[in-house]
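Novice: Next comes my_file06.cif, mmCIF, C-alpha atoms (C1' of nucleotides):
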```cif
data_protein
#
loop_
_atom_site.label_atom_id
_atom_site.label_comp_id
_atom_site.auth_asym_id
_atom_site.auth_seq_id
_atom_site.Cartn_x
_atom_site.Cartn_y
_atom_site.Cartn_z
CA MET A 1 -3.72 2.86 -26.06
CA TYR A 2 -3.66 1.36 -22.60
CA PRO A 3 -3.43 -2.31 -21.74
CA LYS A 4 -7.06 -3.23 -22.03
CA ASP A 5 -7.43 -4.66 -18.54
CA LEU A 6 -6.77 -1.33 -16.91
CA LEU A 7 -9.98 -0.05 -18.45
CA LYS A 8 -12.07 -2.70 -16.77
CA GLY A 9 -14.62 -1.28 -14.42
CA THR A 10 -14.23 2.27 -15.66
CA LEU A 11 -16.80 2.13 -18.43
CA GLN A 12 -19.89 2.61 -16.28
CA PRO A 13 -18.45 5.52 -14.31
CA ILE A 14 -17.31 7.21 -17.52
CA ILE A 15 -20.69 6.86 -19.18
CA LEU A 16 -22.55 8.04 -16.11
CA LYS A 17 -20.30 11.05 -15.65
CA LEU A 18 -20.82 12.09 -19.25
CA LEU A 19 -24.57 11.83 -18.84
CA GLU A 20 -24.38 13.89 -15.67
CA ASP A 21 -22.42 16.60 -17.44
CA ASN A 22 -24.34 16.64 -20.70
CA GLY A 23 -27.88 15.90 -19.68
CA ARG A 24 -28.58 13.40 -22.39
CA MET A 25 -26.54 11.63 -25.00
CA TYR A 26 -26.89 8.79 -27.48
CA GLY A 27 -24.57 5.85 -27.72
CA TYR A 28 -22.50 6.80 -30.69
CA GLU A 29 -22.14 10.28 -29.30
CA ILE A 30 -20.66 8.85 -26.12
CA THR A 31 -17.97 6.93 -27.98
CA GLN A 32 -17.00 10.06 -29.92
CA LYS A 33 -16.99 12.25 -26.85
CA VAL A 34 -14.69 9.89 -24.99
CA LYS A 35 -12.39 9.67 -27.97
CA ASP A 36 -12.29 13.46 -28.16
CA LEU A 37 -11.80 14.09 -24.46
CA THR A 38 -8.97 11.56 -24.21
CA ALA A 39 -7.25 12.48 -27.47
CA GLY A 40 -7.94 9.01 -28.80
CA LYS A 41 -6.41 7.24 -25.83
CA ILE A 42 -9.66 5.63 -24.82
CA ASN A 43 -11.91 4.09 -27.42
CA ILE A 44 -15.17 2.61 -26.26
CA THR A 45 -16.12 -0.28 -28.50
CA GLU A 46 -19.72 -0.79 -29.45
CA GLY A 47 -19.63 -4.32 -28.14
CA ALA A 48 -18.90 -2.90 -24.71
CA LEU A 49 -21.03 0.21 -24.90
CA TYR A 50 -24.45 -1.06 -25.86
CA PRO A 51 -24.67 -3.96 -23.44
CA THR A 52 -23.56 -1.58 -20.69
CA LEU A 53 -26.19 0.99 -21.58
CA HIS A 54 -28.86 -1.71 -21.65
CA LYS A 55 -27.77 -2.90 -18.26
CA LEU A 56 -27.87 0.58 -16.80
CA GLU A 57 -31.35 1.00 -18.19
CA ALA A 58 -32.45 -2.37 -16.84
CA ASP A 59 -31.47 -1.46 -13.32
CA GLY A 60 -33.05 1.96 -13.46
CA THR A 61 -29.95 4.11 -13.50
CA VAL A 62 -30.68 5.61 -16.89
CA LYS A 63 -33.75 6.05 -19.03
CA THR A 64 -34.18 6.38 -22.78
CA GLU A 65 -36.15 8.27 -25.35
CA GLU A 66 -36.00 7.54 -29.02
CA GLU A 67 -35.94 10.16 -31.69
CA PHE A 68 -36.06 9.90 -35.42
CA ILE A 69 -33.32 11.69 -37.29
CA GLY A 70 -34.52 11.29 -40.83
CA LYS A 71 -35.28 7.60 -41.10
CA ARG A 72 -32.80 6.62 -38.46
CA VAL A 73 -33.67 6.02 -34.83
CA ARG A 74 -31.46 7.67 -32.29
CA LYS A 75 -31.71 6.52 -28.70
CA TYR A 76 -31.02 9.16 -26.11
CA TYR A 77 -29.92 8.19 -22.64
CA SER A 78 -30.23 10.29 -19.51
CA LEU A 79 -29.93 9.73 -15.79
CA THR A 80 -32.96 8.80 -13.75
CA GLN A 81 -33.45 10.42 -10.37
CA GLU A 82 -31.92 7.37 -8.79
CA GLY A 83 -29.18 7.55 -11.38
CA ASN A 84 -28.03 10.90 -10.06
CA SER A 85 -26.94 9.42 -6.77
CA VAL A 86 -25.45 6.40 -8.48
CA VAL A 87 -23.13 8.65 -10.48
CA ARG A 88 -21.86 10.30 -7.32
CA GLN A 89 -21.17 6.95 -5.70
CA ARG A 90 -19.40 5.54 -8.74
CA VAL A 91 -17.24 8.59 -9.30
CA THR A 92 -16.30 8.74 -5.63
CA GLU A 93 -15.45 5.07 -5.72
CA VAL A 94 -13.16 5.49 -8.70
CA SER A 95 -11.65 8.61 -7.21
CA ASP A 96 -10.83 6.79 -3.99
CA PHE A 97 -9.42 3.89 -5.95
CA LEU A 98 -7.18 6.11 -8.04
CA ALA A 99 -5.83 7.76 -4.91
CA THR A 100 -5.01 4.39 -3.40
CA ILE A 101 -3.22 3.11 -6.48
CA SER A 102 -1.38 6.38 -6.88
CA SER A 103 -0.03 6.23 -3.37
CA LEU A 104 0.89 2.56 -3.77
CA LEU A 105 2.81 3.26 -6.94
CA ASN A 106 4.06 6.56 -5.62
CA ILE A 107 2.63 8.44 -8.55
CA LYS A 108 2.49 12.21 -8.41
CA PRO A 109 -0.54 13.81 -10.03
CA THR A 110 0.36 15.44 -13.32
CA THR A 111 -1.31 18.79 -12.78
CA MET B 1 -13.20 -2.62 -0.71
CA TYR B 2 -13.37 -1.53 -4.31
CA PRO B 3 -15.53 -3.05 -7.01
CA LYS B 4 -13.27 -5.87 -8.06
CA ASP B 5 -13.11 -4.95 -11.72
CA LEU B 6 -11.32 -1.70 -11.02
CA LEU B 7 -8.37 -3.69 -9.75
CA LYS B 8 -7.94 -5.53 -13.02
CA GLY B 9 -4.62 -4.88 -14.62
CA THR B 10 -3.11 -3.26 -11.56
CA LEU B 11 -1.76 -6.41 -9.92
CA GLN B 12 1.40 -6.74 -12.00
CA PRO B 13 2.41 -3.09 -11.63
CA ILE B 14 1.80 -3.25 -7.89
CA ILE B 15 3.89 -6.36 -7.43
CA LEU B 16 6.69 -5.04 -9.59
CA LYS B 17 6.77 -1.71 -7.80
CA LEU B 18 7.01 -3.43 -4.44
CA LEU B 19 9.89 -5.55 -5.66
CA GLU B 20 11.62 -2.46 -6.99
CA ASP B 21 11.27 -0.72 -3.64
CA ASN B 22 12.10 -3.64 -1.41
CA GLY B 23 14.66 -5.59 -3.35
CA ARG B 24 13.17 -8.97 -2.73
CA MET B 25 9.97 -10.27 -1.24
CA TYR B 26 8.08 -13.53 -0.93
CA GLY B 27 4.49 -14.02 -1.96
CA TYR B 28 2.79 -13.92 1.37
CA GLU B 29 4.81 -10.88 2.31
CA ILE B 30 3.53 -9.06 -0.75
CA THR B 31 -0.10 -9.65 0.18
CA GLN B 32 0.54 -8.36 3.70
CA LYS B 33 2.48 -5.35 2.50
CA VAL B 34 -0.30 -4.33 0.13
CA LYS B 35 -2.89 -4.77 2.85
CA ASP B 36 -0.80 -2.62 5.18
CA LEU B 37 -0.01 0.11 2.69
CA THR B 38 -3.64 0.43 1.62
CA ALA B 39 -5.15 0.15 5.10
CA GLY B 40 -6.93 -3.02 4.05
CA LYS B 41 -8.52 -1.47 0.98
CA ILE B 42 -6.69 -3.76 -1.40
CA ASN B 43 -6.39 -7.44 -0.66
CA ILE B 44 -4.47 -9.56 -3.09
CA THR B 45 -5.87 -13.06 -3.14
CA GLU B 46 -3.53 -16.01 -3.38
CA GLY B 47 -5.37 -17.30 -6.41
CA ALA B 48 -4.38 -14.12 -8.20
CA LEU B 49 -0.95 -13.64 -6.70
CA TYR B 50 0.80 -16.93 -7.33
CA PRO B 51 -0.19 -17.41 -10.96
CA THR B 52 0.91 -13.82 -11.60
CA LEU B 53 4.28 -14.37 -9.94
CA HIS B 54 4.78 -17.54 -11.93
CA LYS B 55 3.96 -15.69 -15.11
CA LEU B 56 6.38 -12.90 -14.33
CA GLU B 57 9.05 -15.47 -13.68
CA ALA B 58 8.24 -17.35 -16.88
CA ASP B 59 8.75 -14.25 -19.00
CA GLY B 60 11.93 -13.27 -17.25
CA THR B 61 10.75 -10.21 -15.38
CA VAL B 62 11.47 -11.67 -11.96
CA LYS B 63 13.66 -14.43 -10.63
CA THR B 64 13.39 -16.57 -7.51
CA GLU B 65 15.48 -18.07 -4.78
CA GLU B 66 14.14 -20.48 -2.20
CA GLU B 67 15.01 -20.40 1.45
CA PHE B 68 14.13 -22.70 4.27
CA ILE B 69 12.60 -21.11 7.32
CA GLY B 70 12.54 -24.03 9.70
CA LYS B 71 10.92 -26.77 7.67
CA ARG B 72 9.00 -24.42 5.46
CA VAL B 73 10.14 -23.24 2.04
CA ARG B 74 9.94 -19.57 1.37
CA LYS B 75 10.25 -18.37 -2.20
CA TYR B 76 11.81 -14.98 -2.65
CA TYR B 77 11.15 -12.95 -5.76
CA SER B 78 13.27 -10.15 -7.12
CA LEU B 79 13.50 -8.21 -10.36
CA THR B 80 15.78 -9.37 -13.13
CA GLN B 81 17.82 -6.83 -15.02
CA GLU B 82 15.20 -6.84 -17.71
CA GLY B 83 12.58 -6.55 -14.98
CA ASN B 84 13.93 -3.20 -13.92
CA SER B 85 12.91 -1.56 -17.17
CA VAL B 86 9.61 -3.42 -17.22
CA VAL B 87 8.67 -1.86 -13.88
CA ARG B 88 9.31 1.61 -15.21
CA GLN B 89 7.17 0.95 -18.27
CA ARG B 90 4.31 -0.54 -16.28
CA VAL B 91 4.26 2.20 -13.69
CA THR B 92 4.36 4.89 -16.35
CA GLU B 93 1.54 3.17 -18.18
CA VAL B 94 -0.63 3.10 -15.08
CA SER B 95 0.31 6.65 -14.24
CA ASP B 96 -0.72 7.86 -17.67
CA PHE B 97 -3.92 5.89 -17.45
CA LEU B 98 -4.83 7.32 -14.06
CA ALA B 99 -4.27 10.82 -15.36
CA THR B 100 -6.58 10.20 -18.30
CA ILE B 101 -9.37 8.77 -16.17
CA SER B 102 -8.97 11.54 -13.63
CA SER B 103 -9.39 14.21 -16.23
CA LEU B 104 -12.34 12.38 -17.77
CA LEU B 105 -14.11 12.15 -14.44
CA ASN B 106 -12.89 15.57 -13.41
CA ILE B 107 -11.27 14.22 -10.29
CA LYS B 108 -8.92 16.43 -8.35
CA PRO B 109 -5.98 14.71 -6.73
CA THR B 110 -6.43 14.41 -2.99
CA THR B 111 -3.10 15.77 -1.89
"C1'" DC C 1 -21.48 6.02 -56.91
"C1'" DA C 2 -18.44 3.65 -53.94
"C1'" DC C 3 -16.63 4.27 -49.47
"C1'" DA C 4 -16.65 6.19 -44.94
"C1'" DA C 5 -19.23 7.69 -41.20
"C1'" DT C 6 -23.28 7.37 -38.45
"C1'" DA C 7 -26.17 4.41 -35.45
"C1'" DC C 8 -28.05 0.66 -33.59
"C1'" DA C 9 -27.45 -4.39 -31.95
"C1'" DT C 10 -25.89 -9.21 -30.52
"C1'" DA C 11 -22.90 -13.36 -30.12
"C1'" DA C 12 -18.59 -15.79 -29.49
"C1'" DG C 13 -14.09 -15.62 -27.62
"C1'" DT C 14 -10.58 -13.92 -24.28
"C1'" DT C 15 -8.53 -13.46 -19.81
"C1'" DA C 16 -7.48 -11.44 -15.39
"C1'" DT C 17 -9.47 -12.10 -11.71
"C1'" DT C 18 -12.48 -14.53 -7.59
"C1'" DT C 19 -13.84 -18.44 -5.19
"C1'" DA C 20 -12.88 -22.91 -3.71
"C1'" DT C 21 -9.88 -26.34 -2.43
"C1'" DG C 22 -5.64 -28.61 -0.95
"C1'" DT C 23 -1.33 -29.32 1.81
"C1'" DA C 24 1.80 -28.37 5.48
"C1'" DT C 25 4.22 -25.81 9.23
"C1'" DA C 26 4.36 -22.29 12.96
"C1'" DT C 27 2.29 -19.55 16.40
"C1'" DT C 28 -1.07 -17.88 19.55
"C1'" DT C 29 -4.81 -18.47 22.89
"C1'" DG C 30 -8.35 -20.24 25.94
"C1'" DC D 1 -1.86 -28.46 25.60
"C1'" DA D 2 -5.31 -28.68 22.16
"C1'" DA D 3 -7.59 -26.01 19.01
"C1'" DA D 4 -7.77 -22.18 16.35
"C1'" DT D 5 -5.33 -18.94 13.66
"C1'" DA D 6 -1.54 -17.35 10.90
"C1'" DT D 7 1.99 -18.37 7.70
"C1'" DA D 8 3.21 -20.14 3.06
"C1'" DC D 9 2.90 -22.37 -0.94
"C1'" DA D 10 -0.13 -24.03 -4.98
"C1'" DT D 11 -3.83 -25.10 -8.59
"C1'" DA D 12 -8.49 -25.56 -10.74
"C1'" DA D 13 -13.12 -24.08 -11.79
"C1'" DA D 14 -16.18 -20.30 -12.20
"C1'" DT D 15 -17.14 -15.39 -13.26
"C1'" DA D 16 -17.76 -11.26 -15.88
"C1'" DA D 17 -16.23 -7.30 -18.29
"C1'" DC D 18 -14.48 -6.70 -21.94
"C1'" DT D 19 -12.67 -7.42 -27.32
"C1'" DT D 20 -13.43 -9.08 -31.72
"C1'" DA D 21 -16.49 -10.31 -35.18
"C1'" DT D 22 -20.62 -9.87 -37.48
"C1'" DG D 23 -24.98 -7.93 -38.97
"C1'" DT D 24 -28.29 -4.31 -40.61
"C1'" DA D 25 -29.53 0.12 -42.27
"C1'" DT D 26 -29.18 5.17 -43.19
"C1'" DT D 27 -26.50 9.37 -44.25
"C1'" DG D 28 -22.67 12.05 -45.87
"C1'" DT D 29 -18.64 12.68 -49.04
"C1'" DG D 30 -14.83 12.69 -52.69
#
```
Translate this structure into structure tokens?
Specialist:
Amino acid sequence: MYPKDLLKGTLQPIILKLLEDNGRMYGYEITQKVKDLTAGKINITEGALYPTLHKLEADGTVKTEEEFIGKRVRKYYSLTQEGNSVVRQRVTEVSDFLATISSLLNIKPTT
Amino acid sequence: MYPKDLLKGTLQPIILKLLEDNGRMYGYEITQKVKDLTAGKINITEGALYPTLHKLEADGTVKTEEEFIGKRVRKYYSLTQEGNSVVRQRVTEVSDFLATISSLLNIKPTT
DNA sequence: CACAATACATAAGTTATTTATGTATATTTG
DNA sequence: CAAATATACATAAATAACTTATGTATTGTG
């Protein structure tokens, strides 16, 4: 587990990238996917996830459709048209940032 | 300029790495060095810098010595013995984190 | 059938930062 | 040479993304 502050600002890009790759996902699925992909190193808490998803929806980056699985509602999120360009921006931004920090700290990419 | 939240948690590692590389530095010098090394992409504000330096001193990671340059005090910071191992930990932590985020976002290192 | 997992949600608390402000000396420029 | 800018320290209030805590309800499992 990383010092929590390092994670700050990465949640939106992570979510958006997952939606770009997978078409549509629901909240709980996102937390599990991230846990899987990072071997448990990153755990998105629900208290962070849902407000973020709501915000992304509010500003038109993602849209939702609800489905009933049995009696339980499942809320699927997917990128809007505008969202597609937002993902690119965000990922590029993070990418550029990582490169800058890497060079500052003289970190070699672990390929 | 990056979205400010991405920077969170990187300030301490950056400062410590600079001190490791340069032996000793004073606050203002650190801000300038970071600006230089990142071509202006990262600007450490004084409101962030000084409290962080004080904290690092308080927990024994760095130590200080004051020098007079004319009438003006300049406060030099350098790593303590304990600080030397702290730097290694912090840098490794960030390095590991960057690798995880990179793989999540499928970012290739810009070599 | 109790407990864990799934699935949503919100509210209060934390904390590293930004923004704002203050003080003083040294240097550059018009 | 006066005014603006750079150097150099410092602290306090405001911000915002997050964690932690709490709540509700359904579904799967040992």
Novice: Counting only C-alpha atoms (C1' of nucleotides), a student should be able to say which residues of chain C come within 8 Å of chain B; what is the right answer, written as a list in words?
Specialist: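 Output check: DA16, DT17, DT18 and DT25 of chain C.
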Novice: What's the separation between atom CA of B:Asp21 and atom CA of A:Leu104, in Å to one decimal place?
Specialist: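 Distance reported for this atom pair: 10.9 Å.
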Novice: Of the candidates D:DT7, D:DT24, D:DT19, D:DT29, which shows the shortest atom-to-atom distance to chain A, using only C-alpha atoms (C1' of nucleotides)?
Specialist: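 With only C-alpha atoms (C1' of nucleotides) as the atom set, the closest residue is D:DT19.
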Novice: Mind listing as JSON, numbers by chain which residues of chain D are within 7 Å of chain A, counting all atoms listed in the file?
Specialist: {"D": [17, 18, 26]}
Novice: Can you list what the PyMOL selection byres ((chain B) within 9 of (chain A)) grabs from this structure, as a PyMOL selection string?
Specialist: chain B and resi 2-10+13-14+17-18+34+37-38+41-42+91-111
Novice: Just to confirm, what's the straight-line distance from atom C1' of D:DC9 to atom CA of B:Glu65 in Å (one decimal)?
Specialist: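 Going from atom C1' of D:DC9 over to atom CA of B:Glu65, I get 13.8 Å.
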Novice: What is the distance, in Å and to one decimal place, between atom CA of A:Tyr50 and atom CA of A:Asp36?
Specialist: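 Atom-to-atom, atom CA of A:Tyr50 and atom CA of A:Asp36 are spaced 19.1 Å apart.
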Novice: Would you kindly place N, CA and C atoms on stretch 62-96 of chain A and return the model as a PDB file, in the coordinates of the input?
Specialist:
```pdb
ATOM      1  N   VAL A  62     -30.445   4.683 -15.786  1.00  0.00           N
ATOM      2  CA  VAL A  62     -30.680   5.610 -16.890  1.00  0.00           C
ATOM      3  C   VAL A  62     -32.018   5.304 -17.557  1.00  0.00           C
ATOM      4  N   LYS A  63     -32.528   6.262 -18.270  1.00  0.00           N
ATOM      5  CA  LYS A  63     -33.750   6.050 -19.030  1.00  0.00           C
ATOM      6  C   LYS A  63     -33.533   6.508 -20.463  1.00  0.00           C
ATOM      7  N   THR A  64     -34.396   6.072 -21.368  1.00  0.00           N
ATOM      8  CA  THR A  64     -34.180   6.380 -22.780  1.00  0.00           C
ATOM      9  C   THR A  64     -35.384   7.056 -23.414  1.00  0.00           C
ATOM     10  N   GLU A  65     -35.094   7.781 -24.479  1.00  0.00           N
ATOM     11  CA  GLU A  65     -36.150   8.270 -25.350  1.00  0.00           C
ATOM     12  C   GLU A  65     -35.622   8.213 -26.767  1.00  0.00           C
ATOM     13  N   GLU A  66     -36.450   7.695 -27.649  1.00  0.00           N
ATOM     14  CA  GLU A  66     -36.000   7.540 -29.020  1.00  0.00           C
ATOM     15  C   GLU A  66     -36.468   8.710 -29.872  1.00  0.00           C
ATOM     16  N   GLU A  67     -35.588   9.091 -30.783  1.00  0.00           N
ATOM     17  CA  GLU A  67     -35.940  10.160 -31.690  1.00  0.00           C
ATOM     18  C   GLU A  67     -35.576   9.751 -33.102  1.00  0.00           C
ATOM     19  N   PHE A  68     -36.386  10.185 -34.040  1.00  0.00           N
ATOM     20  CA  PHE A  68     -36.060   9.900 -35.420  1.00  0.00           C
ATOM     21  C   PHE A  68     -35.284  11.058 -36.035  1.00  0.00           C
ATOM     22  N   ILE A  69     -34.109  10.723 -36.542  1.00  0.00           N
ATOM     23  CA  ILE A  69     -33.320  11.690 -37.290  1.00  0.00           C
ATOM     24  C   ILE A  69     -33.397  11.201 -38.732  1.00  0.00           C
ATOM     25  N   GLY A  70     -34.229  11.834 -39.503  1.00  0.00           N
ATOM     26  CA  GLY A  70     -34.520  11.290 -40.830  1.00  0.00           C
ATOM     27  C   GLY A  70     -35.228   9.961 -40.636  1.00  0.00           C
ATOM     28  N   LYS A  71     -34.659   8.919 -41.234  1.00  0.00           N
ATOM     29  CA  LYS A  71     -35.280   7.600 -41.100  1.00  0.00           C
ATOM     30  C   LYS A  71     -34.625   6.773 -40.002  1.00  0.00           C
ATOM     31  N   ARG A  72     -33.601   7.389 -39.396  1.00  0.00           N
ATOM     32  CA  ARG A  72     -32.800   6.620 -38.460  1.00  0.00           C
ATOM     33  C   ARG A  72     -33.184   6.912 -37.008  1.00  0.00           C
ATOM     34  N   VAL A  73     -33.347   5.844 -36.243  1.00  0.00           N
ATOM     35  CA  VAL A  73     -33.670   6.020 -34.830  1.00  0.00           C
ATOM     36  C   VAL A  73     -32.413   6.394 -34.063  1.00  0.00           C
ATOM     37  N   ARG A  74     -32.562   7.326 -33.184  1.00  0.00           N
ATOM     38  CA  ARG A  74     -31.460   7.670 -32.290  1.00  0.00           C
ATOM     39  C   ARG A  74     -31.987   7.513 -30.868  1.00  0.00           C
ATOM     40  N   LYS A  75     -31.224   6.840 -30.040  1.00  0.00           N
ATOM     41  CA  LYS A  75     -31.710   6.520 -28.700  1.00  0.00           C
ATOM     42  C   LYS A  75     -30.957   7.360 -27.675  1.00  0.00           C
ATOM     43  N   TYR A  76     -31.654   8.276 -27.093  1.00  0.00           N
ATOM     44  CA  TYR A  76     -31.020   9.160 -26.110  1.00  0.00           C
ATOM     45  C   TYR A  76     -31.107   8.568 -24.708  1.00  0.00           C
ATOM     46  N   TYR A  77     -29.986   8.670 -24.025  1.00  0.00           N
ATOM     47  CA  TYR A  77     -29.920   8.190 -22.640  1.00  0.00           C
ATOM     48  C   TYR A  77     -29.745   9.371 -21.698  1.00  0.00           C
ATOM     49  N   SER A  78     -30.452   9.291 -20.558  1.00  0.00           N
ATOM     50  CA  SER A  78     -30.230  10.290 -19.510  1.00  0.00           C
ATOM     51  C   SER A  78     -30.403   9.641 -18.154  1.00  0.00           C
ATOM     52  N   LEU A  79     -29.871  10.276 -17.139  1.00  0.00           N
ATOM     53  CA  LEU A  79     -29.930   9.730 -15.790  1.00  0.00           C
ATOM     54  C   LEU A  79     -31.347   9.770 -15.240  1.00  0.00           C
ATOM     55  N   THR A  80     -31.720   8.745 -14.518  1.00  0.00           N
ATOM     56  CA  THR A  80     -32.960   8.800 -13.750  1.00  0.00           C
ATOM     57  C   THR A  80     -32.644   9.538 -12.444  1.00  0.00           C
ATOM     58  N   GLN A  81     -33.674   9.764 -11.653  1.00  0.00           N
ATOM     59  CA  GLN A  81     -33.450  10.420 -10.370  1.00  0.00           C
ATOM     60  C   GLN A  81     -32.500   9.571  -9.524  1.00  0.00           C
ATOM     61  N   GLU A  82     -32.791   8.282  -9.512  1.00  0.00           N
ATOM     62  CA  GLU A  82     -31.920   7.370  -8.790  1.00  0.00           C
ATOM     63  C   GLU A  82     -30.504   7.400  -9.379  1.00  0.00           C
ATOM     64  N   GLY A  83     -30.460   7.530 -10.683  1.00  0.00           N
ATOM     65  CA  GLY A  83     -29.180   7.550 -11.380  1.00  0.00           C
ATOM     66  C   GLY A  83     -28.252   8.648 -10.886  1.00  0.00           C
ATOM     67  N   ASN A  84     -28.844   9.773 -10.525  1.00  0.00           N
ATOM     68  CA  ASN A  84     -28.030  10.900 -10.060  1.00  0.00           C
ATOM     69  C   ASN A  84     -27.175  10.554  -8.850  1.00  0.00           C
ATOM     70  N   SER A  85     -27.741   9.800  -7.944  1.00  0.00           N
ATOM     71  CA  SER A  85     -26.940   9.420  -6.770  1.00  0.00           C
ATOM     72  C   SER A  85     -25.956   8.307  -7.103  1.00  0.00           C
ATOM     73  N   VAL A  86     -26.361   7.467  -8.052  1.00  0.00           N
ATOM     74  CA  VAL A  86     -25.450   6.400  -8.480  1.00  0.00           C
ATOM     75  C   VAL A  86     -24.177   6.984  -9.069  1.00  0.00           C
ATOM     76  N   VAL A  87     -24.307   8.011  -9.895  1.00  0.00           N
ATOM     77  CA  VAL A  87     -23.130   8.650 -10.480  1.00  0.00           C
ATOM     78  C   VAL A  87     -22.172   9.094  -9.389  1.00  0.00           C
ATOM     79  N   ARG A  88     -22.707   9.786  -8.417  1.00  0.00           N
ATOM     80  CA  ARG A  88     -21.860  10.300  -7.320  1.00  0.00           C
ATOM     81  C   ARG A  88     -21.101   9.167  -6.644  1.00  0.00           C
ATOM     82  N   GLN A  89     -21.816   8.101  -6.338  1.00  0.00           N
ATOM     83  CA  GLN A  89     -21.170   6.950  -5.700  1.00  0.00           C
ATOM     84  C   GLN A  89     -20.037   6.413  -6.566  1.00  0.00           C
ATOM     85  N   ARG A  90     -20.376   6.147  -7.827  1.00  0.00           N
ATOM     86  CA  ARG A  90     -19.400   5.540  -8.740  1.00  0.00           C
ATOM     87  C   ARG A  90     -18.162   6.415  -8.907  1.00  0.00           C
ATOM     88  N   VAL A  91     -18.376   7.694  -9.091  1.00  0.00           N
ATOM     89  CA  VAL A  91     -17.240   8.590  -9.300  1.00  0.00           C
ATOM     90  C   VAL A  91     -16.385   8.667  -8.033  1.00  0.00           C
ATOM     91  N   THR A  92     -17.036   8.718  -6.902  1.00  0.00           N
ATOM     92  CA  THR A  92     -16.300   8.740  -5.630  1.00  0.00           C
ATOM     93  C   THR A  92     -15.474   7.485  -5.459  1.00  0.00           C
ATOM     94  N   GLU A  93     -16.109   6.378  -5.802  1.00  0.00           N
ATOM     95  CA  GLU A  93     -15.450   5.070  -5.720  1.00  0.00           C
ATOM     96  C   GLU A  93     -14.184   5.050  -6.566  1.00  0.00           C
ATOM     97  N   VAL A  94     -14.306   5.469  -7.808  1.00  0.00           N
ATOM     98  CA  VAL A  94     -13.160   5.490  -8.700  1.00  0.00           C
ATOM     99  C   VAL A  94     -12.103   6.458  -8.182  1.00  0.00           C
ATOM    100  N   SER A  95     -12.551   7.597  -7.739  1.00  0.00           N
ATOM    101  CA  SER A  95     -11.650   8.610  -7.210  1.00  0.00           C
ATOM    102  C   SER A  95     -10.820   8.051  -6.060  1.00  0.00           C
ATOM    103  N   ASP A  96     -11.491   7.385  -5.142  1.00  0.00           N
ATOM    104  CA  ASP A  96     -10.830   6.790  -3.990  1.00  0.00           C
ATOM    105  C   ASP A  96      -9.844   5.717  -4.445  1.00  0.00           C
TER     106      ASP A  96
END
```
